[in-house]
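Raw contents of final_18.cif, mmCIF, C-alpha atoms:
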data_protein
#
loop_
_atom_site.label_atom_id
_atom_site.label_comp_id
_atom_site.auth_asym_id
_atom_site.auth_seq_id
_atom_site.Cartn_x
_atom_site.Cartn_y
_atom_site.Cartn_z
CA MET A 1 -13.56 -17.45 -32.68
CA VAL A 2 -10.35 -15.67 -33.63
CA LYS A 3 -8.98 -16.43 -37.07
CA GLN A 4 -5.57 -18.07 -37.08
CA LYS A 5 -4.11 -15.41 -39.31
CA GLU A 6 -5.13 -12.56 -37.00
CA ARG A 7 -2.19 -10.65 -35.52
CA ARG A 8 -1.61 -11.69 -31.93
CA PRO A 9 -0.48 -9.44 -29.11
CA GLY A 10 3.24 -9.27 -28.83
CA GLN A 11 3.78 -11.39 -31.94
CA LYS A 12 7.29 -11.18 -33.35
CA ALA A 13 8.21 -10.87 -36.99
CA ALA A 14 9.22 -14.09 -38.78
CA GLY A 15 12.84 -14.93 -38.41
CA ASN A 16 13.21 -13.18 -35.07
CA PRO A 17 14.88 -15.65 -32.74
CA GLY A 18 13.01 -14.06 -29.83
CA THR A 19 14.27 -12.76 -26.58
CA LYS A 20 16.16 -14.65 -23.96
CA PRO A 21 14.10 -16.26 -21.23
CA GLN A 22 13.10 -13.92 -18.47
CA ARG A 23 11.36 -15.09 -15.35
CA ASP A 24 11.19 -12.75 -12.44
CA ALA A 25 13.74 -10.08 -12.13
CA ARG A 26 12.96 -10.39 -8.58
CA ARG A 27 15.69 -12.87 -8.49
CA ASP A 28 17.86 -12.23 -11.39
CA GLY A 29 19.84 -9.05 -11.17
CA PRO A 30 22.22 -7.30 -8.92
CA ILE A 31 20.68 -4.77 -6.69
CA LYS A 32 22.39 -2.09 -4.72
CA THR A 33 21.24 -1.52 -1.21
CA GLY A 34 23.51 1.11 0.24
CA LYS A 35 21.08 3.95 -0.45
CA PRO A 36 17.38 3.83 -1.21
CA SER A 37 16.98 2.98 -4.85
CA ALA A 38 14.47 4.45 -7.20
CA LYS A 39 13.87 1.10 -8.81
CA PRO A 40 11.00 -1.29 -8.05
CA ALA A 41 11.05 -4.59 -6.30
CA ARG A 42 9.01 -7.62 -5.56
CA ASP A 43 8.53 -8.92 -2.14
CA ALA A 44 11.30 -7.58 -0.60
CA GLY A 45 13.48 -9.21 1.23
CA ALA A 46 16.08 -10.56 1.45
CA ARG A 47 16.07 -12.65 -1.32
CA SER A 48 18.59 -13.04 1.19
CA ALA A 49 18.45 -10.32 0.46
CA PRO A 50 16.30 -9.61 -2.20
CA ALA A 51 14.95 -6.26 -2.49
CA VAL A 52 11.62 -4.79 -2.79
CA ARG A 53 9.54 -2.34 -4.54
CA ASP A 54 9.65 1.27 -3.73
CA ARG A 55 7.07 2.57 -1.30
CA GLY A 56 6.28 6.00 -2.50
CA GLU A 57 7.93 6.57 -5.81
CA ARG A 58 6.75 5.32 -9.17
CA THR A 59 9.76 3.09 -9.43
CA ALA A 60 11.27 0.64 -7.03
CA GLU A 61 14.01 -1.88 -6.88
CA PRO A 62 13.40 -5.21 -8.59
CA ARG A 63 12.78 -8.16 -6.39
CA ILE A 64 16.26 -9.43 -6.45
CA ALA A 65 18.77 -9.55 -3.76
CA ALA A 66 18.37 -6.45 -1.79
CA SER A 67 21.00 -7.47 0.58
CA VAL A 68 22.59 -10.76 -0.01
CA SER A 69 25.22 -12.45 2.03
CA VAL A 70 27.91 -14.89 1.08
CA ALA A 71 27.70 -18.43 2.38
CA PRO A 72 28.54 -18.43 6.06
CA GLU A 73 31.74 -19.97 7.29
CA ARG A 74 29.68 -22.31 9.41
CA PRO A 75 30.23 -25.81 7.96
CA LEU A 76 27.34 -27.95 6.83
CA ILE A 77 26.11 -30.42 9.41
CA VAL A 78 26.62 -34.08 8.53
CA ARG A 79 23.12 -35.56 8.49
CA ASN A 80 22.43 -39.18 9.36
CA GLY A 81 19.32 -41.29 9.10
CA GLU A 82 16.98 -42.11 6.28
CA ARG A 83 15.93 -39.50 3.78
CA PRO A 84 12.25 -38.47 3.96
CA ALA A 85 9.77 -40.14 1.65
CA GLU A 86 9.27 -38.37 -1.66
CA ARG A 87 6.29 -37.22 -3.65
CA VAL A 88 7.22 -36.20 -7.21
CA PRO A 89 6.31 -34.60 -9.42
CA VAL A 90 3.78 -32.44 -7.62
CA ILE A 91 2.08 -29.69 -9.60
CA LEU A 92 0.52 -27.05 -7.35
CA GLU A 93 -2.02 -25.22 -9.44
CA SER A 94 -4.01 -22.05 -8.93
CA LEU A 95 -6.95 -20.82 -10.98
CA GLY A 96 -6.65 -17.49 -9.21
CA ALA A 97 -7.87 -16.21 -5.87
CA GLY A 98 -9.43 -13.08 -4.47
CA ASP A 99 -8.86 -10.17 -6.82
CA PHE A 100 -6.45 -12.01 -9.13
CA HIS A 101 -6.72 -14.40 -12.05
CA LEU A 102 -4.83 -15.07 -15.28
CA ILE A 103 -7.12 -14.24 -18.19
CA ASP A 104 -5.03 -15.34 -21.19
CA SER A 105 -1.42 -15.80 -22.28
CA GLY A 106 0.67 -16.27 -25.40
CA ASN A 107 3.40 -14.85 -27.61
CA GLY A 108 5.57 -14.10 -24.61
CA LEU A 109 2.86 -12.12 -22.79
CA LYS A 110 0.23 -12.63 -20.12
CA LEU A 111 -3.08 -10.82 -19.60
CA GLU A 112 -4.04 -10.70 -15.92
CA GLN A 113 -6.86 -9.36 -13.80
CA TYR A 114 -5.74 -7.49 -10.67
CA GLY A 115 -8.84 -6.14 -8.99
CA PRO A 116 -10.50 -3.65 -11.35
CA TYR A 117 -7.56 -3.58 -13.77
CA ARG A 118 -6.56 -5.79 -16.67
CA ILE A 119 -2.80 -5.80 -17.06
CA VAL A 120 -0.45 -7.03 -19.81
CA ARG A 121 3.08 -8.04 -18.85
CA PRO A 122 5.92 -10.02 -20.48
CA GLU A 123 6.05 -13.77 -19.81
CA ALA A 124 8.70 -15.76 -21.68
CA GLN A 125 7.12 -19.08 -20.69
CA ALA A 126 4.01 -18.35 -22.77
CA LEU A 127 5.22 -19.94 -26.02
CA TRP A 128 1.79 -20.55 -27.52
CA GLN A 129 -0.71 -18.32 -29.28
CA PRO A 130 -3.23 -16.28 -27.23
CA SER A 131 -6.78 -17.60 -27.12
CA LEU A 132 -8.58 -14.26 -26.96
CA ALA A 133 -8.91 -11.66 -29.70
CA ASN A 134 -6.29 -8.99 -30.15
CA ARG A 135 -8.84 -6.23 -29.40
CA ILE A 136 -9.29 -7.61 -25.86
CA TRP A 137 -5.57 -7.43 -25.19
CA ASP A 138 -5.35 -3.94 -26.67
CA ASN A 139 -8.14 -2.81 -24.36
CA ALA A 140 -6.15 -3.58 -21.21
CA ASP A 141 -5.94 -0.91 -18.51
CA ALA A 142 -2.14 -1.10 -18.20
CA ILE A 143 0.55 -2.52 -20.48
CA PHE A 144 4.19 -2.83 -19.47
CA THR A 145 6.60 -1.83 -22.21
CA GLY A 146 10.36 -1.56 -22.22
CA ASP A 147 13.36 -3.78 -21.74
CA THR A 148 12.45 -7.43 -22.25
CA ASP A 149 15.01 -8.56 -19.68
CA GLU A 150 13.36 -9.19 -16.34
CA ASP A 151 15.75 -6.85 -14.60
CA GLY A 152 15.44 -4.18 -17.26
CA MET A 153 13.52 -1.02 -16.58
CA GLY A 154 10.51 0.01 -18.60
CA ARG A 155 7.32 1.96 -18.30
CA TRP A 156 3.61 1.40 -18.05
CA ARG A 157 1.27 2.51 -20.81
CA PHE A 158 -2.35 3.20 -19.90
CA PRO A 159 -4.45 2.88 -23.11
CA ARG A 160 -7.79 3.80 -21.56
CA GLU A 161 -7.04 6.42 -18.89
CA ALA A 162 -4.22 7.46 -16.59
CA LEU A 163 -4.14 5.37 -13.42
CA GLY A 164 -2.77 6.12 -10.00
CA GLU A 165 0.41 4.53 -8.71
CA THR A 166 -1.37 2.26 -6.22
CA TRP A 167 -4.73 0.54 -5.88
CA PRO A 168 -6.30 -1.79 -3.30
CA LEU A 169 -6.27 -5.58 -3.77
CA GLN A 170 -7.30 -8.58 -1.72
CA LEU A 171 -6.13 -12.20 -1.58
CA LEU A 172 -7.13 -14.84 0.97
CA GLY A 173 -8.99 -12.16 2.92
CA ILE A 174 -5.93 -9.89 3.17
CA ASP A 175 -6.03 -6.29 1.93
CA PHE A 176 -2.88 -4.90 0.32
CA LEU A 177 -1.72 -2.34 -2.22
CA GLY A 178 -0.93 -3.08 -5.83
CA ARG A 179 1.66 -0.75 -7.30
CA PHE A 180 2.91 -0.08 -10.84
CA THR A 181 6.69 -0.38 -10.58
CA ALA A 182 9.36 0.27 -13.16
CA PHE A 183 10.22 -3.42 -13.23
CA ARG A 184 6.76 -4.64 -14.27
CA HIS A 185 5.91 -6.14 -10.87
CA VAL A 186 2.84 -5.04 -8.96
CA GLY A 187 3.56 -6.06 -5.36
CA VAL A 188 2.38 -9.65 -5.22
CA PHE A 189 3.42 -12.91 -6.83
CA PRO A 190 0.16 -14.82 -7.19
CA GLU A 191 1.82 -18.17 -7.91
CA GLN A 192 2.53 -18.24 -4.17
CA ILE A 193 -1.19 -18.41 -3.37
CA VAL A 194 -1.04 -22.20 -3.13
CA HIS A 195 1.72 -22.05 -0.49
CA TRP A 196 -0.10 -19.32 1.44
CA ALA A 197 -3.37 -21.25 1.43
CA TRP A 198 -1.54 -24.35 2.68
CA MET A 199 0.16 -22.34 5.43
CA LYS A 200 -3.13 -20.69 6.43
CA GLU A 201 -4.77 -24.09 6.83
CA GLN A 202 -1.89 -25.44 8.91
CA VAL A 203 -2.10 -22.49 11.29
CA GLU A 204 -5.87 -22.71 11.64
CA ILE A 205 -6.00 -26.45 12.41
CA ALA A 206 -2.90 -26.66 14.62
CA ASN A 207 -4.76 -26.11 17.90
CA ARG A 208 -1.61 -24.52 19.29
CA PRO A 209 0.30 -21.27 18.77
CA LEU A 210 2.59 -21.48 15.74
CA LYS A 211 5.67 -19.45 14.85
CA VAL A 212 6.18 -18.64 11.18
CA LEU A 213 9.39 -17.29 9.61
CA ASN A 214 9.00 -15.57 6.25
CA LEU A 215 12.42 -15.08 4.64
CA PHE A 216 12.70 -12.72 1.71
CA GLY A 217 9.25 -11.50 2.66
CA TYR A 218 8.78 -8.71 0.09
CA THR A 219 5.54 -6.77 0.58
CA GLY A 220 4.33 -8.93 3.44
CA VAL A 221 1.19 -10.53 2.02
CA ALA A 222 2.24 -14.02 3.19
CA SER A 223 3.12 -12.66 6.63
CA LEU A 224 -0.29 -11.00 6.95
CA VAL A 225 -2.05 -14.21 5.84
CA ALA A 226 -0.21 -16.21 8.52
CA ALA A 227 -0.76 -13.65 11.27
CA ALA A 228 -4.45 -13.25 10.46
CA ALA A 229 -4.82 -17.03 10.74
CA GLY A 230 -3.37 -16.89 14.26
CA ALA A 231 0.40 -17.34 13.88
CA GLU A 232 3.20 -15.32 15.44
CA VAL A 233 5.20 -14.13 12.43
CA THR A 234 8.77 -12.99 11.84
CA HIS A 235 9.13 -11.25 8.48
CA VAL A 236 12.69 -10.75 7.19
CA ASP A 237 13.64 -8.59 4.24
CA ALA A 238 16.82 -6.68 3.53
CA SER A 239 15.01 -3.82 1.80
CA LYS A 240 13.73 -0.87 3.80
CA LYS A 241 11.36 -0.11 0.95
CA ALA A 242 9.91 -3.60 1.09
CA ILE A 243 9.39 -3.36 4.82
CA GLY A 244 7.76 0.04 4.35
CA TRP A 245 5.38 -1.33 1.73
CA ALA A 246 4.58 -4.30 4.00
CA ARG A 247 3.69 -1.93 6.82
CA GLU A 248 1.47 0.03 4.45
CA ASN A 249 -0.34 -3.21 3.66
CA GLN A 250 -0.69 -3.97 7.36
CA ALA A 251 -2.21 -0.55 8.01
CA LEU A 252 -4.53 -0.82 5.00
CA GLY A 253 -6.18 -3.87 6.53
CA HIS A 254 -6.22 -2.40 10.06
CA MET A 255 -4.00 -5.28 11.18
CA GLU A 256 -1.50 -3.27 13.23
CA LYS A 257 -2.15 -5.35 16.35
CA LEU A 258 -1.27 -8.66 14.73
CA PRO A 259 1.92 -10.29 16.14
CA ILE A 260 4.38 -9.58 13.32
CA ARG A 261 8.05 -8.68 13.74
CA TRP A 262 9.28 -6.70 10.73
CA ILE A 263 13.04 -7.32 10.45
CA CYS A 264 15.07 -5.35 7.92
CA GLU A 265 18.24 -7.41 7.65
CA ASP A 266 20.23 -9.81 5.51
CA ALA A 267 18.44 -13.17 5.67
CA MET A 268 21.56 -15.31 6.12
CA LYS A 269 22.85 -13.17 8.94
CA PHE A 270 19.47 -13.29 10.62
CA ILE A 271 19.03 -17.08 10.55
CA LEU A 272 22.63 -17.63 11.72
CA ARG A 273 21.90 -15.46 14.73
CA GLU A 274 18.62 -17.28 15.35
CA GLU A 275 20.49 -20.58 15.29
CA ARG A 276 22.96 -19.32 17.90
CA ARG A 277 20.08 -18.08 20.04
CA GLY A 278 18.27 -21.40 19.84
CA SER A 279 15.19 -19.84 18.25
CA LYS A 280 12.71 -22.24 16.67
CA TYR A 281 9.95 -21.92 14.06
CA ASP A 282 7.09 -24.21 13.11
CA ILE A 283 6.84 -23.12 9.47
CA ILE A 284 9.58 -21.49 7.37
CA LEU A 285 8.95 -19.94 3.96
CA THR A 286 12.05 -19.11 1.93
CA ASP A 287 12.23 -17.67 -1.57
CA PRO A 288 15.85 -16.75 -2.34
CA PRO A 289 17.08 -15.06 -5.51
CA LYS A 290 19.23 -16.69 -8.14
CA PHE A 291 21.95 -14.06 -7.81
CA GLY A 292 22.49 -10.85 -5.90
CA ARG A 293 24.97 -8.41 -4.46
CA GLY A 294 24.80 -7.06 -0.96
CA PRO A 295 25.50 -3.54 0.30
CA ASN A 296 29.08 -4.39 1.18
CA GLY A 297 29.91 -6.30 -1.96
CA GLU A 298 28.69 -9.66 -0.68
CA VAL A 299 27.71 -12.03 -3.46
CA TRP A 300 24.94 -14.58 -3.35
CA HIS A 301 24.84 -17.45 -5.84
CA LEU A 302 21.89 -19.75 -5.33
CA PHE A 303 23.70 -22.87 -6.53
CA GLU A 304 26.61 -22.20 -4.16
CA HIS A 305 24.85 -20.88 -1.08
CA LEU A 306 21.44 -22.56 -1.02
CA PRO A 307 22.74 -25.71 0.77
CA SER A 308 23.98 -23.57 3.68
CA MET A 309 20.75 -21.63 3.89
CA LEU A 310 18.60 -24.77 4.02
CA ASP A 311 20.98 -26.38 6.51
CA ILE A 312 20.52 -23.47 8.91
CA CYS A 313 16.76 -23.47 8.36
CA ARG A 314 16.69 -27.14 9.33
CA GLU A 315 18.38 -26.27 12.63
CA ILE A 316 15.83 -23.61 13.52
CA LEU A 317 12.80 -25.77 12.79
CA SER A 318 10.91 -26.66 15.96
CA PRO A 319 10.61 -30.30 17.10
CA LYS A 320 6.96 -30.21 15.99
CA ALA A 321 7.56 -28.25 12.79
CA LEU A 322 4.87 -28.38 10.11
CA GLY A 323 6.84 -27.40 7.04
CA LEU A 324 9.89 -25.94 5.28
CA VAL A 325 8.98 -24.39 1.93
CA LEU A 326 11.50 -23.43 -0.77
CA THR A 327 10.61 -21.68 -4.02
CA ALA A 328 13.14 -21.13 -6.81
CA TYR A 329 12.78 -18.92 -9.87
CA SER A 330 14.89 -18.24 -12.93
CA ILE A 331 17.27 -21.13 -12.54
CA ARG A 332 18.31 -23.51 -15.27
CA ALA A 333 17.62 -26.66 -13.36
CA SER A 334 15.10 -29.40 -12.88
CA PHE A 335 12.95 -29.39 -9.77
CA TYR A 336 14.84 -32.57 -8.92
CA SER A 337 17.92 -30.49 -8.06
CA ILE A 338 16.19 -28.73 -5.16
CA HIS A 339 14.15 -31.86 -4.37
CA GLU A 340 17.22 -33.98 -3.70
CA LEU A 341 18.88 -31.15 -1.78
CA MET A 342 15.81 -30.85 0.45
CA ARG A 343 15.76 -34.61 1.07
CA GLU A 344 19.44 -34.59 2.03
CA THR A 345 18.92 -31.59 4.29
CA MET A 346 16.03 -33.31 6.07
CA ARG A 347 17.70 -36.69 6.61
CA GLY A 348 16.48 -38.28 9.81
CA ALA A 349 13.48 -35.96 10.09
CA ASP A 350 10.96 -38.49 8.74
CA GLY A 351 8.00 -36.97 6.92
CA ALA A 352 8.05 -36.40 3.19
CA VAL A 353 9.48 -34.02 0.62
CA GLU A 354 7.15 -33.02 -2.19
CA SER A 355 8.58 -31.13 -5.13
CA GLY A 356 7.57 -29.95 -8.55
CA GLU A 357 6.24 -26.77 -10.13
CA LEU A 358 3.87 -23.95 -9.31
CA VAL A 359 1.50 -23.19 -12.17
CA ILE A 360 -1.29 -20.70 -12.74
CA ARG A 361 -4.11 -21.80 -15.01
CA GLU A 362 -5.83 -19.40 -17.35
CA ALA A 363 -9.33 -18.60 -16.15
CA GLY A 364 -10.75 -16.56 -19.02
CA LEU A 365 -12.53 -13.23 -18.90
CA ASP A 366 -15.01 -14.51 -16.32
CA GLY A 367 -12.33 -15.94 -14.04
CA LYS A 368 -14.02 -19.34 -14.10
CA THR A 369 -13.14 -20.91 -17.44
CA PRO A 370 -10.03 -23.14 -17.15
CA GLY A 371 -7.50 -22.86 -19.94
CA ARG A 372 -3.80 -23.57 -20.29
CA ALA A 373 -1.40 -23.87 -17.38
CA LEU A 374 1.45 -21.35 -17.15
CA SER A 375 4.51 -22.58 -15.26
CA THR A 376 5.90 -19.97 -12.88
CA SER A 377 8.53 -21.57 -10.62
CA LEU A 378 10.03 -24.66 -9.02
CA PHE A 379 9.36 -25.60 -5.42
CA SER A 380 10.26 -28.16 -2.78
CA ARG A 381 8.40 -28.56 0.50
CA TRP A 382 9.17 -30.77 3.49
CA VAL A 383 6.19 -31.77 5.64
CA PRO A 384 6.22 -34.01 8.71
CA LYS A 385 3.81 -36.57 7.27
#
Could you write out this file's structure as C-alpha cells?
Amino acid sequence: MVKQKERRPGQKAAGNPGTKPQRDARRDGPIKTGKPSAKPARDAGARSAPAVRDRGERTAEPRIAASVSVAPERPLIVRNGERPAERVPVILESLGAGDFHLIDSGNGLKLEQYGPYRIVRPEAQALWQPSLANRIWDNADAIFTGDTDEDGMGRWRFPREALGETWPLQLLGIDFLGRFTAFRHVGVFPEQIVHWAWMKEQVEIANRPLKVLNLFGYTGVASLVAAAAGAEVTHVDASKKAIGWARENQALGHMEKLPIRWICEDAMKFILREERRGSKYDIILTDPPKFGRGPNGEVWHLFEHLPSMLDICREILSPKALGLVLTAYSIRASFYSIHELMRETMRGADGAVESGELVIREAGLDGKTPGRALSTSLFSRWVPK
C-alpha cells in the first residue's frame, strides 16, 4: 500500500491553483488546413472539420477542426410530432478493450496501456490521488510533457528506451497504428469503444445491408469496425493527413477490399450535398469540435452550428435508420443541452433518445481490476426503439 505522504505523479506544489481544464485538443483549438501542417491530430476529420494527426512526421495537427464550415444558409426544418422517449442519465462505461485499458489516474494525469506500452498523459478530470505507487508511473514507456493546454504542443519522453513513431494496436478485432504525436494523442480515442461496439452489433444483427456515415472520422478505426462487420461505410474528414493515416490502418489489416469511401472534405458541405442528392444512411456517427477555423476563414462554433448539423443529419437518415450518435467534448454544458437538442431534432421519429456521459474505468495493472471511473465526454444517441 502506498503511504499517503508519498509524492504522487504530477502533484502540484501547495498553493498552486492548477491549470485550466483541458479535455481533448482534438476539439478545442483553431487549426489551419491550407497546407499540410506539421502538428498532430486525432481522428481527423472534419470535426467538421476537425483535423487529424500527421501520417509520416513525428508531429501532426491536433484533432480539432481541420476544415470547419459556418452554419449553412439552409433554414432549420420545423419539426412536428411528439418528441422521442428519453433515457437519462445513461453512463456508457468501458473497462478497456483489445490492446487498451486505463491503468490508473490522478493528480491531473492518466496512466494507460496501449499494446506493449504504458503511457502517461495529462487528464484534467483526474482530480483525485493516484492509487499506484509513484515508481510504477515513473517506469512508464512514454510520458507526454509540455504545454498543459490541450492544444499546446509538447514532446514525449521515453524513460526506458527510445521508441519508434508508430506501433501496431488492435481494438474490436481491427488492426491500426498508434502514433506519438506532438499533441499527446496516439491515434485512437478509446472512450468511443462503447459506441463502436454498439454499432458493430447493430450491423451484425440487421440481416440487411447497412450504410454507415462516419463524420469527423479521424484515423478511421470506427469506419473499419463498421465495414468489417458488413456495413457500407462513408468516412468524412477534412484532413488529408487523417485520411492518409486511415488508409494506412486499412492496409495494415489487409482490409483494402472493404466497402469504404474515404472522403476528404468539410463535413457540413458534404452532408448538405448528400441531402440535395437524397442520399440516406442507416447509422450516422458525428463527433464535431467545440471550435475551429476552416481553410478559407470559415468559423465553426459548436453552440451556434450544431443545431444545423443535426438537422441535416436527420434528413439523411434512412426510413429504417438504426441510430444517430453525437459525442461532444470540451464544452461547458450539461449533457442535457445536447439531449434536449437531439429530442427536438428527432420530433416525430418515435424511438428514444439516450444521453449522458462516456466513462473509462480504471482496470489496474492486470487490466481486470475495476477502479475509479474517469469521465471523458458527453453523448446523445437516438435509436428507433
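Residue nearest Leu310 in chain A within the list A:Trp198, A:Trp382, A:Trp128, A:Tyr117: A:Trp382 [criterion: smallest interatomic distance, only C-alpha atoms].
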**Prompt:** Which neighbours of range 338-348 of chain A fall inside 12 Å, counting only C-alpha atoms, when residues of the same chain fewer than 5 positions from it are skipped, and could you give them as a PyMOL selection string?
**Reply:** chain A and resi 76-90+302-303+305-315+317+321+323-329+331-333+353-357+377-384
Written selection (C-alpha atoms) as an mmCIF file, keeping the file's coordinate frame:
data_model
loop_
_atom_site.group_PDB
_atom_site.id
_atom_site.type_symbol
_atom_site.label_atom_id
_atom_site.label_comp_id
_atom_site.auth_asym_id
_atom_site.auth_seq_id
_atom_site.Cartn_x
_atom_site.Cartn_y
_atom_site.Cartn_z
ATOM 1 C CA LEU A 76 27.340 -27.950 6.830
ATOM 2 C CA ILE A 77 26.110 -30.420 9.410
ATOM 3 C CA VAL A 78 26.620 -34.080 8.530
ATOM 4 C CA ARG A 79 23.120 -35.560 8.490
ATOM 5 C CA ASN A 80 22.430 -39.180 9.360
ATOM 6 C CA GLY A 81 19.320 -41.290 9.100
ATOM 7 C CA GLU A 82 16.980 -42.110 6.280
ATOM 8 C CA ARG A 83 15.930 -39.500 3.780
ATOM 9 C CA PRO A 84 12.250 -38.470 3.960
ATOM 10 C CA ALA A 85 9.770 -40.140 1.650
ATOM 11 C CA GLU A 86 9.270 -38.370 -1.660
ATOM 12 C CA ARG A 87 6.290 -37.220 -3.650
ATOM 13 C CA VAL A 88 7.220 -36.200 -7.210
ATOM 14 C CA PRO A 89 6.310 -34.600 -9.420
ATOM 15 C CA VAL A 90 3.780 -32.440 -7.620
ATOM 16 C CA LEU A 302 21.890 -19.750 -5.330
ATOM 17 C CA PHE A 303 23.700 -22.870 -6.530
ATOM 18 C CA HIS A 305 24.850 -20.880 -1.080
ATOM 19 C CA LEU A 306 21.440 -22.560 -1.020
ATOM 20 C CA PRO A 307 22.740 -25.710 0.770
ATOM 21 C CA SER A 308 23.980 -23.570 3.680
ATOM 22 C CA MET A 309 20.750 -21.630 3.890
ATOM 23 C CA LEU A 310 18.600 -24.770 4.020
ATOM 24 C CA ASP A 311 20.980 -26.380 6.510
ATOM 25 C CA ILE A 312 20.520 -23.470 8.910
ATOM 26 C CA CYS A 313 16.760 -23.470 8.360
ATOM 27 C CA ARG A 314 16.690 -27.140 9.330
ATOM 28 C CA GLU A 315 18.380 -26.270 12.630
ATOM 29 C CA LEU A 317 12.800 -25.770 12.790
ATOM 30 C CA ALA A 321 7.560 -28.250 12.790
ATOM 31 C CA GLY A 323 6.840 -27.400 7.040
ATOM 32 C CA LEU A 324 9.890 -25.940 5.280
ATOM 33 C CA VAL A 325 8.980 -24.390 1.930
ATOM 34 C CA LEU A 326 11.500 -23.430 -0.770
ATOM 35 C CA THR A 327 10.610 -21.680 -4.020
ATOM 36 C CA ALA A 328 13.140 -21.130 -6.810
ATOM 37 C CA TYR A 329 12.780 -18.920 -9.870
ATOM 38 C CA ILE A 331 17.270 -21.130 -12.540
ATOM 39 C CA ARG A 332 18.310 -23.510 -15.270
ATOM 40 C CA ALA A 333 17.620 -26.660 -13.360
ATOM 41 C CA VAL A 353 9.480 -34.020 0.620
ATOM 42 C CA GLU A 354 7.150 -33.020 -2.190
ATOM 43 C CA SER A 355 8.580 -31.130 -5.130
ATOM 44 C CA GLY A 356 7.570 -29.950 -8.550
ATOM 45 C CA GLU A 357 6.240 -26.770 -10.130
ATOM 46 C CA SER A 377 8.530 -21.570 -10.620
ATOM 47 C CA LEU A 378 10.030 -24.660 -9.020
ATOM 48 C CA PHE A 379 9.360 -25.600 -5.420
ATOM 49 C CA SER A 380 10.260 -28.160 -2.780
ATOM 50 C CA ARG A 381 8.400 -28.560 0.500
ATOM 51 C CA TRP A 382 9.170 -30.770 3.490
ATOM 52 C CA VAL A 383 6.190 -31.770 5.640
ATOM 53 C CA PRO A 384 6.220 -34.010 8.710
#
**Prompt:** Skipping near chain neighbours, those fewer than 6 positions away, what residues fall within 12 Å of Glu201 in chain A using only C-alpha atoms, listed as JSON, numbers by chain?
**Reply:** {"A": [172, 194, 195, 207, 210, 225, 226, 228, 229, 230, 231, 283, 322]}
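Using all atoms listed in the file, the smallest distance between any of A:Asp287, A:Asp138, A:Glu123, A:Asp175 and Asn214 in chain A comes from A:Asp287.
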**Request:** State, in Å with one decimal place, the distance from CA of Ser279 in chain A to CA of Ala206 in chain A.
**Result:**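 Computed distance, CA of Ser279 in chain A to CA of Ala206 in chain A, equals 19.7 Å.
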**Prompt:** So what do you get for CA of Glu265 in chain A versus CA of Asn249 in chain A, distance-wise?
**Reply:**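 These atoms are spaced 19.5 Å apart.
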**Prompt:** Rounded to one decimal in Å, what is the spacing between CA of Leu95 in chain A and CA of Phe144 in chain A?
**Reply:** 22.8 Å
**Request:** List the residues matched by the PyMOL selection byres ((chain A and resi 235) around 6) in the displayed structure as a ChimeraX atom specification, ordered by chain and then by residue number.
**Result:** /A:214,217,234,236,261-263
Store the residues picked out above, limited to C-alpha atoms, as an mmCIF file, in the coordinates of the input.
data_model
loop_
_atom_site.group_PDB
_atom_site.id
_atom_site.type_symbol
_atom_site.label_atom_id
_atom_site.label_comp_id
_atom_site.auth_asym_id
_atom_site.auth_seq_id
_atom_site.Cartn_x
_atom_site.Cartn_y
_atom_site.Cartn_z
ATOM 1 C CA ASN A 214 9.000 -15.570 6.250
ATOM 2 C CA GLY A 217 9.250 -11.500 2.660
ATOM 3 C CA THR A 234 8.770 -12.990 11.840
ATOM 4 C CA VAL A 236 12.690 -10.750 7.190
ATOM 5 C CA ARG A 261 8.050 -8.680 13.740
ATOM 6 C CA TRP A 262 9.280 -6.700 10.730
ATOM 7 C CA ILE A 263 13.040 -7.320 10.450
#
**Request:** Have a look at A:Asp104, A:Asp141, A:Asp99, A:Glu275 and name the one nearest to Gln170 in chain A; count all atoms listed in the file.
**Result:** A:Asp99
**Item:** For Ser223 in chain A, the nearest of the candidates A:Ser131, A:Ser318, A:Thr286, A:Thr166, counting all atoms listed in the file
**Value:** A:Thr286
**All residues 12 Å or closer to Val221 in chain A, all atoms listed in the file, same chain fewer than 3 positions away omitted, as a PyMOL selection string** = chain A and resi 42-44+169-178+187-190+192-193+195-197+200+214+216-218+224-228+233+235+242-243+245-250+252-253+255+260
**Evaluate the PyMOL selection byres ((chain A and resi 103) around 12) and report residues as a PyMOL selection string** = chain A and resi 95-96+100-102+104-106+109-114+117-121+130-133+136-137+140+360-374
**6 Å contact set for range 154-161 of chain A, only C-alpha atoms, chain neighbours under 5 positions out, as a ChimeraX atom specification** = /A:141-147,182
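Of the listed residues (A:Ala126, A:Ser337, A:Pro319, A:Leu258), A:Pro319 comes nearest to Asp350 in chain A; the distances count all atoms listed in the file.
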**Item:** For Met199 in chain A, the nearest of the candidates A:Asn107, A:Arg184, A:Pro259, A:Ala222, counting all atoms listed in the file
**Value:** A:Ala222
